[in-house]
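Colleague: Pasting in a structure now, in structure tokens, and then I'll have a few things to ask.
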Amino acid sequence: MVIKHVALDIVCGITSKLPQNEVPEIAFAGKSNVGKSSLINALMNRKALARTSSSPGKTQTINFYNINHEMFLVDLPGYGYAKVSQSVKEQWGKLIERYLHESKQLKAVFLLIDIRHDPSANDKIMYDWIVHNGYKPIIIATKADKLKRSQIPKHVKAVKEGLKLLPGTKVIPFSAQTKQGREEIWALAEELLFG
Ligand code: GDP
């Protein structure tokens with residue numbers, strides 16, 4: 001994908017009406033701090049358009065990034081953020097659920113899991129939710145640079161087993177530092193979006 005134009009076009013909060021876009025969307029889900037902003041910035045060739053967790057009090061919204069006026073990268077709120085109340089967590093959950101359920105343009109969902117850790121109960125819930133909504137998520141195993149190359153297959157296997165992935169589900173190791181996996185993710189996204 002040659003990135004010619006990128007802009008944060010639409011930001012939706014918990015009470016917002018979701019957009020009825022005319023171009024296809026791909027969405028990214030994952031728990032807070034998994035490396036979602038870093039991945040989205042890497043995909044867009046931008047250093048800091050998507051916010052990273054270090055920004056304090058990061059508001060939780062669904063952000064739609066316009067790519068070349070031909071698609072949107074959709075940044076879903078990170079879940080499992082420890083410092084918020086249960087009721088706020090539930091509202092974020094409902095926002096994500098509403099989006100998965102209502103979007104008519106969503107063509108692919110990527111779920112991010114930190115390659116070093118076994119998936120959490122929330123990761124499993126998110127995976128099942130995506131499947132339940134009729135999507136076949138692609139797993140991105142983030143921060144792959146933190147492992148030796150030889151350790152990667154073992155960790156990919158742990159992710160597969162932890163989420164009980166459906167047979168044939170892809171797991172792509174990715175690093176925002178080395179950009180390992182970036183081309184594969186774009187190739188898959190383009191195939192799913194444009195055939
Ligand atoms: P988000 O909360 O999911 O958006 O996560 P961020 O993208 O803000 O990343 C959380 C932290 O992990 C930050 O300190 C990033 O610098 C770090 N991080 C993200 N991706 C990578 C990666 O691929 N490799 C390494 N080593 N660190 C990463």
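Going by the structure tokens order, chains are called A, B, ..., each with residues numbered from 1, while ligands are numbered from 1 in the order shown.
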Neighbours of ligand 1 at 7 Å or closer, counting only C-alpha atoms and all ligand atoms: which residues, as a PyMOL selection string?
Modeller: chain A and resi 30-39+51-54+78+142-146+174-177
Colleague: Just the selected residues (N, CA and C atoms), exported as a compact mmCIF listing (two decimals), in the first residue's frame, please.
Modeller:
# COMPACT_ATOMS: atom_id res chain seq x y z
N GLY A 30 -7.61 -4.57 20.74
CA GLY A 30 -6.57 -5.13 21.59
C GLY A 30 -6.59 -4.44 22.92
N LYS A 31 -5.97 -5.08 23.91
CA LYS A 31 -6.01 -4.46 25.22
C LYS A 31 -5.06 -3.26 25.26
N SER A 32 -5.33 -2.39 26.18
CA SER A 32 -4.54 -1.19 26.37
C SER A 32 -3.06 -1.57 26.53
N ASN A 33 -2.19 -0.84 25.85
CA ASN A 33 -0.74 -1.05 25.95
C ASN A 33 -0.19 -2.20 25.10
N VAL A 34 -1.05 -2.83 24.31
CA VAL A 34 -0.60 -3.98 23.51
C VAL A 34 0.29 -3.53 22.34
N GLY A 35 0.20 -2.23 22.01
CA GLY A 35 0.99 -1.72 20.88
C GLY A 35 0.12 -1.36 19.68
N LYS A 36 -1.15 -1.06 19.93
CA LYS A 36 -2.09 -0.79 18.83
C LYS A 36 -1.78 0.54 18.15
N SER A 37 -1.54 1.59 18.94
CA SER A 37 -1.21 2.88 18.31
C SER A 37 0.08 2.76 17.51
N SER A 38 1.05 2.04 18.06
CA SER A 38 2.33 1.89 17.37
C SER A 38 2.15 1.15 16.05
N LEU A 39 1.31 0.12 16.05
CA LEU A 39 1.02 -0.63 14.82
C LEU A 39 0.35 0.28 13.79
N ARG A 51 -2.50 8.05 18.88
CA ARG A 51 -1.91 8.33 20.19
C ARG A 51 -1.31 7.08 20.81
N THR A 52 -0.28 7.24 21.58
CA THR A 52 0.26 6.08 22.30
C THR A 52 -0.07 6.21 23.78
N SER A 53 0.01 5.08 24.45
CA SER A 53 -0.49 5.00 25.83
C SER A 53 0.20 5.95 26.78
N SER A 54 1.39 6.36 26.42
CA SER A 54 2.12 7.23 27.35
C SER A 54 1.39 8.56 27.55
N GLY A 78 -8.86 0.59 23.48
CA GLY A 78 -8.14 -0.49 24.15
C GLY A 78 -8.92 -0.93 25.38
N THR A 142 2.09 -8.80 18.76
CA THR A 142 2.89 -7.56 18.78
C THR A 142 4.19 -7.69 19.58
N LYS A 143 5.06 -6.72 19.36
CA LYS A 143 6.34 -6.58 20.10
C LYS A 143 7.27 -7.77 19.86
N ALA A 144 7.23 -8.31 18.64
CA ALA A 144 8.02 -9.50 18.32
C ALA A 144 9.52 -9.27 18.51
N ASP A 145 9.95 -8.00 18.44
CA ASP A 145 11.39 -7.72 18.64
C ASP A 145 11.85 -8.02 20.05
N LYS A 146 10.90 -8.17 20.98
CA LYS A 146 11.28 -8.46 22.37
C LYS A 146 11.65 -9.92 22.58
N PHE A 174 4.56 -9.21 14.68
CA PHE A 174 4.78 -7.84 14.22
C PHE A 174 5.66 -7.10 15.21
N SER A 175 6.51 -6.23 14.68
CA SER A 175 7.27 -5.32 15.53
C SER A 175 7.20 -3.91 14.97
N ALA A 176 6.80 -2.97 15.81
CA ALA A 176 6.77 -1.56 15.39
C ALA A 176 8.19 -1.02 15.29
N GLN A 177 9.13 -1.68 15.97
CA GLN A 177 10.52 -1.22 15.91
C GLN A 177 11.21 -1.64 14.63
Colleague: Which residues in region 51-111 of chain A does DSSP call strand (DSSP E)? List them as a VMD selection string.
Modeller: chain A and resid 62 to 67 71 to 75 106 to 111
Colleague: Can you list, as a list in words, every protein, DNA or RNA residue that comes within 12 Å of His5 (chain A) when you count only C-alpha atoms, leaving out same-chain residues fewer than 5 positions away?
Modeller: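 Selected residues are Met44, Asn45, Arg46, Tyr65, Asn66, Ile67, Asn68, His69, Glu70, Met71 and Phe72 of chain A.
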Colleague: Tell me which protein, DNA and RNA residues are within 12 Å of Lys154 (chain A), counting only C-alpha atoms, leaving out same-chain ones fewer than 4 positions away, and put them as a list in words.
Modeller: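 Neighbouring residues, sequence-local ones excluded: Ile115, Arg116, His117, Asp118, Leu147, Lys148, Arg149, Ser150, Ala158, Val159, Lys160, Glu161 and Pro173 of chain A.
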Colleague: Would you save the residues from that selection as a short mmCIF file (atom, residue, chain, number, x, y, z; two decimals), in the first residue's frame, using C-alpha atoms?
Modeller:
data_model
loop_
_atom_site.label_atom_id
_atom_site.label_comp_id
_atom_site.auth_asym_id
_atom_site.auth_seq_id
_atom_site.Cartn_x
_atom_site.Cartn_y
_atom_site.Cartn_z
CA ILE A 115 3.55 -12.07 21.74
CA ARG A 116 5.29 -12.47 25.11
CA HIS A 117 2.19 -13.20 27.18
CA ASP A 118 -0.54 -15.79 27.15
CA LEU A 147 11.83 -12.17 21.66
CA LYS A 148 14.66 -14.02 20.02
CA ARG A 149 13.62 -15.17 16.55
CA SER A 150 13.96 -18.78 17.64
CA ALA A 158 0.71 -20.33 22.92
CA VAL A 159 -1.41 -17.54 21.42
CA LYS A 160 -3.24 -20.05 19.20
CA GLU A 161 -3.94 -22.34 22.13
CA PRO A 173 4.26 -11.62 14.39
#
Colleague: Expressed in Å to a single decimal, how great is the separation between CA of Phe194 (chain A) and CA of Ile62 (chain A)?
Modeller: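 So the answer is 23.0 Å.
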Colleague: What lies within 10 Å of Glu184 (chain A) using only C-alpha atoms, ignoring chain neighbours under 4 positions off, as a VMD selection string?
Modeller: chain A and resid 172 to 174 180 188 to 190
Colleague: For those residues, write N, CA and C atoms to a file as a CSV table (one decimal), in the first residue's frame.
Modeller:
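So out.csv came out as:
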chain,number,residue,atom,x,y,z
A,172,ILE,N,0.1,-13.2,12.9
A,172,ILE,CA,1.3,-12.6,12.2
A,172,ILE,C,2.1,-11.9,13.3
A,173,PRO,N,3.4,-12.3,13.5
A,173,PRO,CA,4.3,-11.6,14.4
A,173,PRO,C,4.6,-10.2,13.8
A,174,PHE,N,4.6,-9.2,14.7
A,174,PHE,CA,4.8,-7.8,14.2
A,174,PHE,C,5.7,-7.1,15.2
A,180,GLN,N,8.9,-5.6,11.2
A,180,GLN,CA,8.6,-7.0,10.8
A,180,GLN,C,7.1,-7.2,10.8
A,188,LEU,N,-2.5,-8.6,3.4
A,188,LEU,CA,-3.8,-9.3,3.8
A,188,LEU,C,-4.9,-8.3,3.8
A,189,ALA,N,-4.7,-7.1,4.3
A,189,ALA,CA,-5.8,-6.1,4.4
A,189,ALA,C,-6.2,-5.7,3.0
A,190,GLU,N,-5.3,-5.5,2.1
A,190,GLU,CA,-5.7,-5.2,0.7
A,190,GLU,C,-6.5,-6.3,0.0
Colleague: Of the candidates A:Asn41, A:Ser120, A:Thr178, A:Thr61, which one gets nearest to Lys17 (chain A) if we count only C-alpha atoms?
Modeller: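 Result for the nearest residue to Lys17 (chain A): A:Thr61.
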Colleague: So which residues touch Asn63 (chain A) within 6 Å, counting only C-alpha atoms, skipping near sequence neighbours fewer than 3 positions away, as a list in words?
Modeller: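 Residues near the query, excluding close chain neighbours: Ile10, Val11, Val74 and Asp75 of chain A.
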Colleague: I need the residues in region 63-97 of chain A that are alpha helix (DSSP H) according to DSSP; give them as a PyMOL selection string.
Modeller: chain A and resi 86-97
Colleague: Hey, which of A:Lys170, A:Ala29, A:Pro77, A:Ala187 ends up closest to Trp129 (chain A)? Count only C-alpha atoms.
Modeller: A:Ala29
Colleague: Please indicate the distance in Å from CA of Lys107 (chain A) to CA of Glu183 (chain A), rounded to one decimal place.
Modeller: 18.4 Å
Colleague: Work out how far CA of Gln60 (chain A) is from CA of Leu100 (chain A), in Å to one decimal.
Modeller: 16.2 Å
Colleague: Mind checking which residues fall within 12 Å of Lys136 (chain A), counting only C-alpha atoms, ignoring those fewer than 4 positions away in the same chain, and posting them as a VMD selection string?
Modeller: chain A and resid 27 106 to 111 127 to 132 165 to 171 192
Colleague: Mind dumping the selected residues with N, CA and C atoms as a JSON list (two decimals), in the first residue's frame?
Modeller:
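File produced: again.json:
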[["chain", "number", "residue", "atom", "x", "y", "z"],
["A", 27, "ALA", "N", -10.63, -2.91, 11.10],
["A", 27, "ALA", "CA", -10.59, -2.49, 12.50],
["A", 27, "ALA", "C", -9.49, -3.22, 13.26],
["A", 106, "LEU", "N", -17.33, -2.74, 7.45],
["A", 106, "LEU", "CA", -16.21, -3.44, 8.08],
["A", 106, "LEU", "C", -15.90, -4.73, 7.33],
["A", 107, "LYS", "N", -14.68, -4.82, 6.82],
["A", 107, "LYS", "CA", -14.31, -5.97, 5.99],
["A", 107, "LYS", "C", -13.34, -6.92, 6.69],
["A", 108, "ALA", "N", -12.65, -6.43, 7.70],
["A", 108, "ALA", "CA", -11.68, -7.30, 8.37],
["A", 108, "ALA", "C", -11.39, -6.76, 9.76],
["A", 109, "VAL", "N", -11.18, -7.69, 10.69],
["A", 109, "VAL", "CA", -10.87, -7.30, 12.06],
["A", 109, "VAL", "C", -9.55, -7.95, 12.46],
["A", 110, "PHE", "N", -8.64, -7.12, 12.94],
["A", 110, "PHE", "CA", -7.36, -7.59, 13.45],
["A", 110, "PHE", "C", -7.39, -7.50, 14.97],
["A", 111, "LEU", "N", -6.99, -8.58, 15.63],
["A", 111, "LEU", "CA", -6.93, -8.58, 17.10],
["A", 111, "LEU", "C", -5.46, -8.68, 17.51],
["A", 127, "TYR", "N", -11.96, -12.02, 21.25],
["A", 127, "TYR", "CA", -11.87, -12.93, 20.10],
["A", 127, "TYR", "C", -13.24, -13.57, 19.82],
["A", 128, "ASP", "N", -13.86, -14.09, 20.88],
["A", 128, "ASP", "CA", -15.15, -14.77, 20.72],
["A", 128, "ASP", "C", -16.23, -13.81, 20.21],
["A", 129, "TRP", "N", -16.16, -12.57, 20.68],
["A", 129, "TRP", "CA", -17.10, -11.53, 20.29],
["A", 129, "TRP", "C", -17.00, -11.24, 18.80],
["A", 130, "ILE", "N", -15.76, -11.13, 18.34],
["A", 130, "ILE", "CA", -15.52, -10.83, 16.92],
["A", 130, "ILE", "C", -16.06, -11.98, 16.07],
["A", 131, "VAL", "N", -15.77, -13.21, 16.49],
["A", 131, "VAL", "CA", -16.25, -14.39, 15.75],
["A", 131, "VAL", "C", -17.78, -14.41, 15.77],
["A", 132, "HIS", "N", -18.34, -14.13, 16.95],
["A", 132, "HIS", "CA", -19.79, -14.14, 17.12],
["A", 132, "HIS", "C", -20.48, -13.15, 16.17],
["A", 165, "LEU", "N", -8.01, -20.65, 18.79],
["A", 165, "LEU", "CA", -8.30, -20.10, 17.46],
["A", 165, "LEU", "C", -8.91, -21.15, 16.56],
["A", 166, "LEU", "N", -9.85, -20.70, 15.72],
["A", 166, "LEU", "CA", -10.43, -21.60, 14.73],
["A", 166, "LEU", "C", -9.32, -22.02, 13.76],
["A", 167, "PRO", "N", -9.39, -23.27, 13.26],
["A", 167, "PRO", "CA", -8.35, -23.74, 12.34],
["A", 167, "PRO", "C", -8.20, -22.79, 11.15],
["A", 168, "GLY", "N", -6.97, -22.55, 10.76],
["A", 168, "GLY", "CA", -6.71, -21.69, 9.60],
["A", 168, "GLY", "C", -6.56, -20.22, 9.94],
["A", 169, "THR", "N", -6.79, -19.86, 11.23],
["A", 169, "THR", "CA", -6.66, -18.44, 11.62],
["A", 169, "THR", "C", -5.19, -18.02, 11.57],
["A", 170, "LYS", "N", -4.95, -16.90, 10.93],
["A", 170, "LYS", "CA", -3.56, -16.42, 10.78],
["A", 170, "LYS", "C", -3.10, -15.69, 12.04],
["A", 171, "VAL", "N", -1.84, -15.94, 12.40],
["A", 171, "VAL", "CA", -1.19, -15.18, 13.47],
["A", 171, "VAL", "C", 0.08, -14.57, 12.86],
["A", 192, "LEU", "N", -8.35, -8.52, 1.58],
["A", 192, "LEU", "CA", -9.68, -8.60, 2.19],
["A", 192, "LEU", "C", -10.57, -7.42, 1.78]]
Colleague: Of the candidates A:Trp92, A:Tyr79, A:Tyr135, A:Tyr99, which one gets nearest to Pro19 (chain A) if we count only C-alpha atoms?
Modeller: A:Tyr99
Colleague: Using only C-alpha atoms, which of the listed residues (A:Leu95, A:Ile113, A:Ile40, A:Ala50) sits closest to Pro137 (chain A)?
Modeller: A:Ile113
